[in-house]
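Read the structure below first, then the notes.
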Amino acid sequence: MGRTIKLLLLYFAYQFAFFGGLTGLYMLKSGVMEMPDMTGSGYMSIVMWAQFLSTLAIGLHVLLGKYVSVDAFRLHMPDKCSILLASAVFIVAMGLWTNYFSELAGLPDNMKDVFEQMMNNPLGIISIVVMAPLVEELLFRGAIQGHLMRKWKMPYLGIVVSSLIFGLVHGNPAQIPFAFVVGMALGWVYYLTGSLIPGILMHFINNGSSVLLYALSGNPDATMISSLGENGALVLAVAGIVLTVVCIFIIRKKIVKEPVQWNEENNLQA
């Protein structure tokens with residue numbers, strides 16, 4: 001776990017460093033010695049730029065530090081289009097029932113106001129839709145899960161632990177269970193294919209659909225249940241569960257019949 005802890009410490013260190021640095025610049029520019037108002041545009045600008053720059057920094061650190069093999073950016077599958085299409089349908093299907101159960105759980109959403117402001121800002125949208133899928137897959141699946149699967153020689157334990165870490169680092173009660181479940185799906189596809197490409201696509205669709213639905217709804221408080229009613233939301237969730245099971249079967253039995261072999265030398269063998 002040493003490498004995992006090191007990467008997580010770096011992940012948070014970059015966030016604190018950029019937030020602190022940008023806050024200091026704000027104070028110098030404004031001629032004040034206090035933090036900006038947390039409800040003001042100045043504070044949100046700091047948060048968004050710090051998020052963007054820290055995400056970029058940890059991504060470059062993982063790449064330049066060669067924590068992930070170049071093979072992870074290739075898709076060694078006979079039918080690439082099929083695995084990408086199945087992965088896309090898989091994450092959409094999961095969204096139908098995970099969102100429904102998240103609404104029923106009613107966990108506190110401590111980041112609601114921040115996300116709303118991010119989804120109304122071009123930099124925030126880029127961070128959510130582009131940067132997060134690329135860098136989080138690189139870090140949590142490629143650098144952390146890949147290492148744990150090779151080190152422990154127990155792929156599913158590596159998937160569970162990396163997914164748990166992925167959920168917890170979000171730090172928001174409303175997101176943690178959802179991120180954990182989605183992380184399991186992303187981790188499973190990475191385990192089967194040895195490629196980050198399907199996971200990046202799935203992550204992009206997941207985050208992009210959230211931003212798109214927010215933009216189309218015109219109501220930041222809209223939910224499946226409020227939009228479709230209790231019965232309609234339940235039917236859609238059940239349909240999502242059925243489609244999820246079908247996707248798992250198709251991916252595992254029809255497209256990826258044998259997972260890639262993970263070894264200690266950080267290489268993948270088909």
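Each chain in the structure tokens gets a letter, A, B, ..., in the order shown, and its residues are numbered from 1; ligands are numbered from 1 in order too.
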
Given only C-alpha atoms, how would the per-residue table for stretch 81-125 of chain A near stretch 164-179 of chain A read, listing every residue at most 8 Å away with its closest atom pair and distance in Å to one decimal, sorted by chain and number, as a tab-separated table?
residue	atom	partner	partner_atom	distance
A:Thr98	CA	A:Phe178	CA	6.4
A:Asn99	CA	A:Phe178	CA	7.8
A:Ser102	CA	A:Phe178	CA	7.1
A:Gly106	CA	A:Ala174	CA	7.5
A:Leu107	CA	A:Ala174	CA	4.9
A:Pro108	CA	A:Ala174	CA	5.6
A:Asp109	CA	A:Ala174	CA	5.0
A:Asn110	CA	A:Asn172	CA	5.9
A:Met111	CA	A:Asn172	CA	6.6

Write out, as a compact mmCIF listing (two decimals), in the first residue's frame, the residues just selected, with N, CA, C and O atoms.
# COMPACT_ATOMS: atom_id res chain seq x y z
N THR A 98 -28.42 3.68 -10.09
CA THR A 98 -27.62 4.28 -9.02
C THR A 98 -28.17 5.65 -8.63
O THR A 98 -28.20 6.01 -7.44
N ASN A 99 -28.61 6.44 -9.61
CA ASN A 99 -29.20 7.74 -9.29
C ASN A 99 -30.50 7.57 -8.50
O ASN A 99 -30.77 8.35 -7.57
N SER A 102 -29.62 6.62 -4.99
CA SER A 102 -29.01 7.78 -4.33
C SER A 102 -30.07 8.75 -3.84
O SER A 102 -29.97 9.31 -2.75
N GLY A 106 -31.06 9.76 0.25
CA GLY A 106 -31.18 11.12 0.79
C GLY A 106 -29.98 11.58 1.60
O GLY A 106 -30.13 12.33 2.57
N LEU A 107 -28.79 11.15 1.21
CA LEU A 107 -27.58 11.55 1.93
C LEU A 107 -27.29 13.03 1.70
O LEU A 107 -27.60 13.57 0.62
N PRO A 108 -26.71 13.71 2.67
CA PRO A 108 -26.44 15.15 2.51
C PRO A 108 -25.46 15.43 1.38
O PRO A 108 -24.44 14.74 1.24
N ASP A 109 -25.80 16.42 0.57
CA ASP A 109 -24.96 16.81 -0.56
C ASP A 109 -24.23 18.10 -0.19
O ASP A 109 -24.74 19.21 -0.42
N ASN A 110 -23.04 17.96 0.36
CA ASN A 110 -22.29 19.12 0.83
C ASN A 110 -21.66 19.93 -0.31
O ASN A 110 -21.19 21.04 -0.08
N MET A 111 -21.65 19.36 -1.51
CA MET A 111 -21.00 20.02 -2.64
C MET A 111 -22.00 20.54 -3.66
O MET A 111 -21.61 20.94 -4.75

Write out as a VMD selection string the residues lying within 12 Å of A:Gly194, counting only C-alpha atoms and excluding same-chain residues fewer than 3 positions away. chain A and resid 68 to 77 141 to 142 145 to 146 149 to 150 155 186 to 191 197 to 199 256 258 to 263 266 to 270

Write out as JSON, numbers by chain which residues come within 9 Å of A:Tyr67 when counting only C-alpha atoms, dropping same-chain ones fewer than 6 positions away. {"A": [61, 139, 142, 143, 144, 147, 266]}

Which distance in Å separates atom CA of A:Ala13 and atom CA of A:Leu28, to one decimal? 22.3 Å

DSSP on the backbone: which residues in stretch 45-209 of chain A end up as helix (DSSP H, G or I)? Give the answer as a PyMOL selection string. chain A and resi 45-64+70-73+80-105+112-118+122-152+155-169+176-193+197-209

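Using only C-alpha atoms, the smallest distance between any of A:Ile200, A:Val182, A:Leu8, A:Ile250 and A:Leu96 comes from A:Val182.
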
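Taking atom CA of A:Ile128 as the reference point, atom CA of A:Phe16 is found at 18.8 Å.
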
I'd like the contact shell of A:Val245 - 12 Å cut-off, only C-alpha atoms, skipping same-chain residues fewer than 4 positions apart - returned as a ChimeraX atom specification. /A:86,89-91,93-94,97,185,238-241,249-253

Would you save the residues from that selection as a CSV table (one decimal), in the first residue's frame, using N, CA, C and O atoms?
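The file below, out-v8.csv, is the result:
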chain,number,residue,atom,x,y,z
A,86,ALA,N,-20.4,-1.5,-25.7
A,86,ALA,CA,-21.0,-2.2,-24.5
A,86,ALA,C,-20.7,-1.4,-23.3
A,86,ALA,O,-21.5,-1.3,-22.4
A,89,VAL,N,-23.0,1.7,-23.0
A,89,VAL,CA,-24.4,1.3,-22.6
A,89,VAL,C,-24.4,0.9,-21.1
A,89,VAL,O,-25.3,1.2,-20.4
A,90,PHE,N,-23.3,0.2,-20.7
A,90,PHE,CA,-23.2,-0.3,-19.4
A,90,PHE,C,-23.2,0.9,-18.4
A,90,PHE,O,-24.0,0.8,-17.4
A,91,ILE,N,-22.5,2.0,-18.6
A,91,ILE,CA,-22.5,3.1,-17.7
A,91,ILE,C,-23.8,3.8,-17.7
A,91,ILE,O,-24.3,4.3,-16.6
A,93,ALA,N,-26.8,2.5,-18.3
A,93,ALA,CA,-27.7,1.6,-17.6
A,93,ALA,C,-27.5,1.7,-16.0
A,93,ALA,O,-28.4,1.8,-15.3
A,94,MET,N,-26.2,1.8,-15.6
A,94,MET,CA,-25.9,1.9,-14.2
A,94,MET,C,-26.4,3.2,-13.6
A,94,MET,O,-26.9,3.3,-12.5
A,97,TRP,N,-30.2,3.2,-12.3
A,97,TRP,CA,-30.5,2.7,-10.9
A,97,TRP,C,-29.7,3.3,-9.8
A,97,TRP,O,-30.2,3.4,-8.7
A,185,ALA,N,-17.4,-0.7,-11.4
A,185,ALA,CA,-17.7,-1.0,-12.8
A,185,ALA,C,-16.5,-0.6,-13.6
A,185,ALA,O,-16.0,-1.4,-14.5
A,238,VAL,N,-35.5,-0.2,-12.5
A,238,VAL,CA,-35.5,-1.7,-12.7
A,238,VAL,C,-35.0,-2.0,-14.1
A,238,VAL,O,-34.2,-2.9,-14.3
A,239,ALA,N,-35.4,-1.2,-15.1
A,239,ALA,CA,-34.9,-1.4,-16.5
A,239,ALA,C,-33.4,-1.2,-16.5
A,239,ALA,O,-32.7,-2.0,-17.2
A,240,GLY,N,-32.9,-0.3,-15.7
A,240,GLY,CA,-31.4,-0.1,-15.7
A,240,GLY,C,-30.7,-1.2,-15.1
A,240,GLY,O,-29.6,-1.6,-15.5
A,241,ILE,N,-31.3,-1.9,-14.0
A,241,ILE,CA,-30.7,-3.0,-13.4
A,241,ILE,C,-30.6,-4.2,-14.4
A,241,ILE,O,-29.6,-4.9,-14.5
A,249,PHE,N,-23.0,-9.6,-18.8
A,249,PHE,CA,-23.0,-10.9,-19.4
A,249,PHE,C,-22.3,-10.7,-20.8
A,249,PHE,O,-21.4,-11.5,-21.2
A,250,ILE,N,-22.7,-9.7,-21.6
A,250,ILE,CA,-22.2,-9.6,-22.9
A,250,ILE,C,-20.7,-9.2,-22.9
A,250,ILE,O,-19.9,-9.8,-23.7
A,251,ILE,N,-20.3,-8.3,-22.0
A,251,ILE,CA,-18.9,-8.0,-21.9
A,251,ILE,C,-18.1,-9.1,-21.5
A,251,ILE,O,-17.0,-9.4,-22.1
A,252,ARG,N,-18.5,-9.9,-20.5
A,252,ARG,CA,-17.7,-11.0,-20.0
A,252,ARG,C,-17.7,-12.2,-20.8
A,252,ARG,O,-16.7,-12.9,-21.0
A,253,LYS,N,-18.9,-12.6,-21.4
A,253,LYS,CA,-19.0,-13.8,-22.1
A,253,LYS,C,-18.9,-13.7,-23.6
A,253,LYS,O,-18.4,-14.7,-24.3

How many Å lie between atom CA of A:Leu60 and atom CA of A:Met154, rounded to one decimal? 28.1 Å

Residue nearest A:Val135 among A:Leu236, A:Ile159, A:Ile58, A:Met118 (counting only C-alpha atoms): A:Ile58

Using only C-alpha atoms, which protein or nucleic acid residues come within 9 Å of stretch 219-228 of chain A? Drop anything in the same chain fewer than 2 positions from it, and give the result as an NGL selection string. :A and (96 or 99-100 or 103 or 116 or 214-217 or 230-234 or 236)

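Distances here use only C-alpha atoms; by that measure, the residue among A:Ala105, A:Val235, A:Leu201, A:Ile83 closest to A:Ile248 is A:Ile83.
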
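Ranking A:Leu10, A:Lys80, A:Phe101, A:Thr23 by their shortest atom-to-atom distance to A:Ser195, with only C-alpha atoms included, puts A:Lys80 first.
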
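Minimum distance to A:Trp152 across A:Met27, A:Met1, A:Leu84, A:Val246 (counting only C-alpha atoms) occurs at A:Met1.
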
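Using only C-alpha atoms, the shortest contact distance between A:Thr4 and any of A:Pro36, A:Gly158, A:Pro133, A:Pro78 is found at A:Gly158.
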